[in-house]
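The next block is run.txt, given as compact mmCIF, C-alpha atoms.
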# COMPACT_ATOMS: atom_id res chain seq x y z
CA GLU P 1 9.01 -8.44 -16.02
CA THR P 2 8.76 -4.78 -16.95
CA GLY P 3 11.64 -4.59 -19.41
CA VAL P 4 13.70 -2.53 -16.98
CA THR P 5 16.46 -4.42 -15.17
CA GLN P 6 18.42 -3.12 -12.22
CA THR P 7 21.56 -4.58 -10.68
CA PRO P 8 22.45 -5.31 -8.02
CA ARG P 9 19.18 -5.99 -6.20
CA HIS P 10 20.83 -5.44 -2.84
CA LEU P 11 23.94 -3.51 -1.89
CA VAL P 12 25.64 -2.85 1.42
CA MET P 13 28.42 -0.31 1.37
CA GLY P 14 30.55 1.60 3.82
CA MET P 15 30.65 5.37 3.87
CA THR P 16 34.08 5.46 2.23
CA ASN P 17 33.24 3.03 -0.57
CA LYS P 18 32.55 3.76 -4.21
CA LYS P 19 29.92 1.69 -5.95
CA SER P 20 27.67 1.94 -8.98
CA LEU P 21 24.07 1.00 -9.64
CA LYS P 22 23.16 -0.15 -13.11
CA CYS P 23 19.91 0.06 -15.02
CA GLU P 24 19.15 -1.33 -18.45
CA GLN P 25 15.92 -1.07 -20.43
CA HIS P 26 14.90 -3.19 -23.41
CA LEU P 27 11.88 -1.15 -24.38
CA GLY P 28 13.37 1.24 -26.92
CA HIS P 29 12.60 4.18 -24.67
CA ASN P 30 14.43 7.48 -24.84
CA ALA P 31 13.94 8.78 -21.32
CA MET P 32 15.34 7.24 -18.16
CA TYR P 33 15.00 8.25 -14.54
CA TRP P 34 16.42 7.63 -11.10
CA TYR P 35 14.01 7.77 -8.15
CA LYS P 36 14.73 7.34 -4.46
CA GLN P 37 12.23 5.67 -2.15
CA SER P 38 13.09 5.91 1.53
CA ALA P 39 11.42 5.00 4.78
CA LYS P 40 10.64 8.63 5.51
CA LYS P 41 9.58 10.06 2.17
CA PRO P 42 7.56 9.00 -0.83
CA LEU P 43 9.07 8.49 -4.27
CA GLU P 44 11.52 11.30 -4.97
CA LEU P 45 12.73 12.08 -8.46
CA MET P 46 16.52 12.40 -8.59
CA PHE P 47 17.63 12.63 -12.22
CA VAL P 48 16.11 12.62 -15.68
CA TYR P 49 17.82 11.78 -18.94
CA ASN P 50 16.14 12.34 -22.27
CA PHE P 51 17.93 11.16 -25.40
CA LYS P 52 21.09 10.67 -23.27
CA GLU P 53 21.06 14.28 -22.09
CA GLN P 54 20.45 15.12 -18.47
CA THR P 55 17.38 17.31 -18.35
CA GLU P 56 16.75 17.40 -14.64
CA ASN P 57 18.76 17.22 -11.45
CA ASN P 58 16.40 17.52 -8.54
CA SER P 59 18.84 19.15 -6.09
CA VAL P 60 20.64 15.86 -5.53
CA PRO P 61 23.92 15.94 -3.54
CA SER P 62 27.08 15.52 -5.58
CA ARG P 63 27.88 12.21 -3.86
CA PHE P 64 25.34 10.81 -6.35
CA SER P 65 26.61 11.00 -9.92
CA PRO P 66 24.50 9.73 -12.83
CA GLU P 67 25.79 8.55 -16.17
CA CYS P 68 23.84 7.73 -19.32
CA PRO P 69 26.14 6.36 -22.02
CA ASN P 70 23.24 5.50 -24.33
CA SER P 71 19.46 5.45 -24.29
CA SER P 72 19.35 1.89 -22.95
CA HIS P 73 21.69 2.21 -19.98
CA LEU P 74 21.74 4.37 -16.92
CA PHE P 75 24.17 4.30 -14.02
CA LEU P 76 24.22 5.90 -10.62
CA HIS P 77 27.72 6.25 -9.20
CA LEU P 78 27.89 6.45 -5.43
CA HIS P 79 30.74 7.73 -3.27
CA THR P 80 31.12 8.83 0.35
CA LEU P 81 27.48 8.18 1.10
CA GLN P 82 25.80 8.75 4.44
CA PRO P 83 23.62 6.33 6.42
CA GLU P 84 20.57 8.47 5.59
CA ASP P 85 21.14 7.61 1.93
CA SER P 86 19.99 4.07 2.67
CA ALA P 87 16.89 3.55 0.55
CA LEU P 88 15.42 1.75 -2.42
CA TYR P 89 16.75 3.26 -5.65
CA LEU P 90 14.42 2.81 -8.56
CA CYS P 91 15.17 3.23 -12.22
CA ALA P 92 12.39 3.92 -14.71
CA SER P 93 12.06 4.57 -18.40
CA SER P 94 9.43 6.06 -20.68
CA GLN P 95 9.04 6.79 -24.37
CA ASP P 96 10.39 10.26 -23.74
CA ASN P 97 9.69 12.91 -21.16
CA MET P 98 7.68 15.12 -23.46
CA ARG P 99 4.73 12.82 -23.86
CA ASN P 100 2.06 11.66 -21.49
CA THR P 101 2.98 8.02 -21.28
CA GLU P 102 3.55 5.67 -18.41
CA ALA P 103 6.93 5.06 -16.87
CA PHE P 104 8.12 1.50 -16.45
CA PHE P 105 10.05 0.72 -13.30
CA GLY P 106 12.74 -1.76 -12.45
CA GLN P 107 12.70 -3.83 -9.27
CA GLY P 108 15.03 -1.42 -7.54
CA THR P 109 18.31 -1.69 -5.68
CA ARG P 110 17.99 -1.85 -1.91
CA LEU P 111 20.98 0.16 -0.67
CA THR P 112 22.22 0.07 2.90
CA VAL P 113 24.99 2.44 3.93
CA VAL P 114 26.85 1.37 7.07
CA GLY T 1 9.89 -1.74 -2.04
CA GLU T 2 7.27 -0.51 0.39
CA SER T 3 7.73 2.79 2.20
CA VAL T 4 8.38 1.15 5.54
CA GLY T 5 8.24 3.66 8.32
CA LEU T 6 6.36 6.23 6.30
CA HIS T 7 2.94 6.81 7.72
CA LEU T 8 0.72 5.71 4.88
CA PRO T 9 -3.05 5.77 4.89
CA THR T 10 -4.21 2.19 5.16
CA LEU T 11 -7.33 0.66 3.73
CA SER T 12 -8.42 -2.76 4.97
CA VAL T 13 -10.93 -4.58 2.82
CA GLN T 14 -12.59 -7.95 3.05
CA GLU T 15 -11.79 -10.31 0.21
CA GLY T 16 -14.47 -10.08 -2.44
CA ASP T 17 -15.53 -6.56 -1.53
CA ASN T 18 -14.85 -3.50 -3.68
CA SER T 19 -12.01 -1.14 -2.78
CA ILE T 20 -11.84 2.58 -3.38
CA ILE T 21 -8.50 4.34 -3.06
CA ASN T 22 -8.45 8.12 -3.22
CA CYS T 23 -5.86 10.64 -4.24
CA ALA T 24 -5.85 14.44 -4.15
CA TYR T 25 -3.48 15.80 -6.77
CA SER T 26 -1.67 19.05 -6.50
CA ASN T 27 -1.45 20.80 -9.84
CA SER T 28 -4.55 22.04 -11.65
CA ALA T 29 -2.51 22.07 -14.88
CA SER T 30 -1.83 18.32 -14.68
CA ASP T 31 -3.38 16.56 -17.63
CA TYR T 32 -2.26 12.97 -17.30
CA PHE T 33 -2.65 10.64 -14.35
CA ILE T 34 -1.54 7.13 -13.55
CA TRP T 35 -2.19 4.62 -10.82
CA TYR T 36 0.70 2.37 -9.82
CA LYS T 37 0.75 -0.69 -7.59
CA GLN T 38 3.83 -1.58 -5.58
CA GLU T 39 4.10 -4.97 -3.95
CA SER T 40 6.64 -5.75 -1.31
CA GLY T 41 10.15 -6.06 -2.74
CA LYS T 42 9.15 -4.83 -6.19
CA GLY T 43 9.13 -1.64 -8.16
CA PRO T 44 5.90 0.24 -8.95
CA GLN T 45 3.80 -1.40 -11.62
CA PHE T 46 1.41 0.42 -13.97
CA ILE T 47 -2.29 -0.29 -13.40
CA ILE T 48 -4.27 2.24 -15.37
CA ASP T 49 -4.00 5.78 -16.68
CA ILE T 50 -6.40 8.56 -17.61
CA ARG T 51 -6.08 11.82 -19.48
CA SER T 52 -7.74 15.02 -18.42
CA ASN T 53 -10.24 14.97 -21.29
CA MET T 54 -11.90 11.97 -19.64
CA ASP T 55 -13.58 11.53 -16.28
CA LYS T 56 -13.72 7.74 -16.18
CA ARG T 57 -11.74 4.86 -17.57
CA GLN T 58 -12.17 1.16 -16.99
CA GLY T 59 -9.75 -1.70 -17.09
CA GLN T 60 -9.89 -5.26 -15.95
CA ARG T 61 -11.46 -5.11 -12.47
CA VAL T 62 -10.24 -1.52 -12.05
CA THR T 63 -11.85 1.83 -12.74
CA VAL T 64 -10.24 5.24 -12.44
CA LEU T 65 -12.38 8.33 -11.85
CA LEU T 66 -11.12 11.86 -12.35
CA ASN T 67 -12.78 14.95 -10.90
CA LYS T 68 -10.87 17.97 -12.15
CA THR T 69 -13.09 20.41 -10.31
CA VAL T 70 -11.82 19.27 -6.94
CA LYS T 71 -8.53 17.79 -8.18
CA HIS T 72 -9.44 14.30 -7.08
CA LEU T 73 -8.56 10.91 -8.49
CA SER T 74 -9.85 7.56 -7.35
CA LEU T 75 -9.10 3.94 -8.10
CA GLN T 76 -11.84 1.38 -7.71
CA ILE T 77 -10.95 -2.30 -7.53
CA ALA T 78 -13.81 -4.73 -7.95
CA ALA T 79 -13.94 -8.04 -6.07
CA THR T 80 -10.70 -7.37 -4.21
CA GLN T 81 -8.37 -10.33 -3.95
CA PRO T 82 -5.45 -11.12 -1.62
CA GLY T 83 -3.09 -10.47 -4.51
CA ASP T 84 -4.29 -6.87 -4.57
CA SER T 85 -2.58 -6.21 -1.24
CA ALA T 86 0.06 -3.58 -1.98
CA VAL T 87 0.81 0.12 -1.79
CA TYR T 88 -1.01 2.14 -4.43
CA PHE T 89 0.36 5.43 -5.77
CA CYS T 90 -1.27 8.03 -7.92
CA ALA T 91 1.02 10.05 -10.19
CA GLU T 92 0.42 13.17 -12.25
CA ASN T 93 2.21 15.08 -14.93
CA ILE T 94 1.84 17.94 -17.35
CA MET T 95 2.37 17.51 -21.06
CA GLY T 96 5.82 18.69 -22.01
CA ASN T 97 6.81 19.35 -18.43
CA THR T 98 8.50 17.46 -15.63
CA PRO T 99 8.20 13.72 -15.24
CA LEU T 100 5.66 12.00 -13.08
CA VAL T 101 5.09 13.37 -9.60
CA PHE T 102 3.99 10.73 -7.13
CA GLY T 103 1.66 10.95 -4.19
CA LYS T 104 2.46 9.40 -0.83
CA GLY T 105 0.60 6.16 -1.46
CA THR T 106 -2.11 4.14 0.24
CA ARG T 107 -1.57 0.68 1.67
CA LEU T 108 -4.34 -1.75 0.75
CA SER T 109 -4.66 -4.75 3.03
CA VAL T 110 -7.02 -7.52 1.95
CA ILE T 111 -8.49 -9.66 4.69
CA ALA T 112 -9.10 -13.24 3.59

Could I get this structure in the form of structure tokens?
Amino acid sequence: ETGVTQTPRHLVMGMTNKKSLKCEQHLGHNAMYWYKQSAKKPLELMFVYNFKEQTENNSVPSRFSPECPNSSHLFLHLHTLQPEDSALYLCASSQDNMRNTEAFFGQGTRLTVV
Amino acid sequence: GESVGLHLPTLSVQEGDNSIINCAYSNSASDYFIWYKQESGKGPQFIIDIRSNMDKRQGQRVTVLLNKTVKHLSLQIAATQPGDSAVYFCAENIMGNTPLVFGKGTRLSVIA
């Protein structure tokens, strides 16, 4: 148990669906991240939030929309996805993104787009 | 959680032997490095970290070596066990800059 919880663990959605991934951390951290891990690429950073403010969007398509209502929760809203978006989506948190400290990862959501 | 389909370097080691996993990092300005372990179906898990003012750090059964001259990082696992089978990632970052940047990973397979 890393203190970072992601739900759901598995999700199958059609290309016209709208769904959301949820991440919650109980570590008192101020920075949260979304990473994508696919069969064809290594871990790719998608979004960074530091003290609830988005500080990085790594050229992610607009069909992925993050939301960070507070420092403990992070969402990734999905709409009109493509089959190539199927991947493991990992949430992570760290003390903040200005210090050299480790990031703690959740178990991930395995997303399949059909 | 493994990068299925991605061509990962694979290291096969006999149980009880020592393992050495290598990583070449990209940015000479990186000053913090971490090794993560990712088992099947799980997210990456922290193993050990090292800052650039050190060249060696030891943990329980693991040692990380840093060679800044050639931008090389290694993870040594002593007395490798079946439970060590996983994909291992090195990650780097720069103080006050972007979050961790991950390498492609190495798959460690322990032969019982």

Inset, instruction - Counting all atoms listed in the file, write as a list in words all protein and nucleic acid residues lying at most 8 Å from (-9.2, -0.9, -9.7) in the file's frame. - result: Ser19, Ile20, Ile47, Gly59, Gln60, Arg61, Val62, Thr63, Val64, Leu75, Gln76, Ile77 and Ala78 of chain T

Legend entry - For Glu39 of chain T: contacts at 10 Å, only C-alpha atoms, fewer than 4 positions along chain excluded, given as a list in words: Gly1, Glu2, Gly43, Pro44, Gln45, Gly83, Asp84, Ser85, Ala86, Val87, Tyr88 and Arg107 of chain T

Selection file, C-alpha atoms, as a PDB file, in the coordinates of the input:
ATOM      1  CA  GLY T   1       9.890  -1.740  -2.040  1.00  0.00           C
ATOM      2  CA  GLU T   2       7.270  -0.510   0.390  1.00  0.00           C
ATOM      3  CA  GLY T  43       9.130  -1.640  -8.160  1.00  0.00           C
ATOM      4  CA  PRO T  44       5.900   0.240  -8.950  1.00  0.00           C
ATOM      5  CA  GLN T  45       3.800  -1.400 -11.620  1.00  0.00           C
ATOM      6  CA  GLY T  83      -3.090 -10.470  -4.510  1.00  0.00           C
ATOM      7  CA  ASP T  84      -4.290  -6.870  -4.570  1.00  0.00           C
ATOM      8  CA  SER T  85      -2.580  -6.210  -1.240  1.00  0.00           C
ATOM      9  CA  ALA T  86       0.060  -3.580  -1.980  1.00  0.00           C
ATOM     10  CA  VAL T  87       0.810   0.120  -1.790  1.00  0.00           C
ATOM     11  CA  TYR T  88      -1.010   2.140  -4.430  1.00  0.00           C
ATOM     12  CA  ARG T 107      -1.570   0.680   1.670  1.00  0.00           C
TER      13      ARG T 107
END

Size and centre in Å, one decimal, axis-aligned box, all listed segment 45-51 of chain P atoms plus 4 Å per side, as lines of an AutoDock Vina configuration file:
center_x = 15.3
center_y = 11.9
center_z = -16.9
size_x = 13.2
size_y = 9.5
size_z = 24.9

Legend entry - Check: which chain P residues lie within 12 Å of chain T using all atoms listed in the file, as a ChimeraX atom specification: /P:1-6,9-10,31-50,55-58,87-111

Legend entry - Atomic separation - atom CA of Glu67 of chain P relative to atom CA of Leu21 of chain P, Å: 10.1 Å

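Atom CA of Lys19 of chain P is positioned 17.2 Å from atom CA of Pro69 of chain P.
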
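Here atom CA of Leu11 of chain P and atom CA of Val114 of chain P stand 10.6 Å from one another.
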
Inset, instruction - Could you give me, as a count of residues only, the residues within 10 Å of Ser72 of chain P, counting all atoms listed in the file and dropping anything in the same chain fewer than 6 positions from it? - result: 14

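Distances to Leu78 of chain P were evaluated for P:Thr112, P:Thr7, P:Ser20, P:Ser62 using all atoms listed in the file, and the minimum falls at P:Ser20.
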
Legend entry - Proximity to Ser28 of chain T - best of T:Met54, T:Ala112, T:Val13, T:Val70, all atoms listed in the file: T:Val70
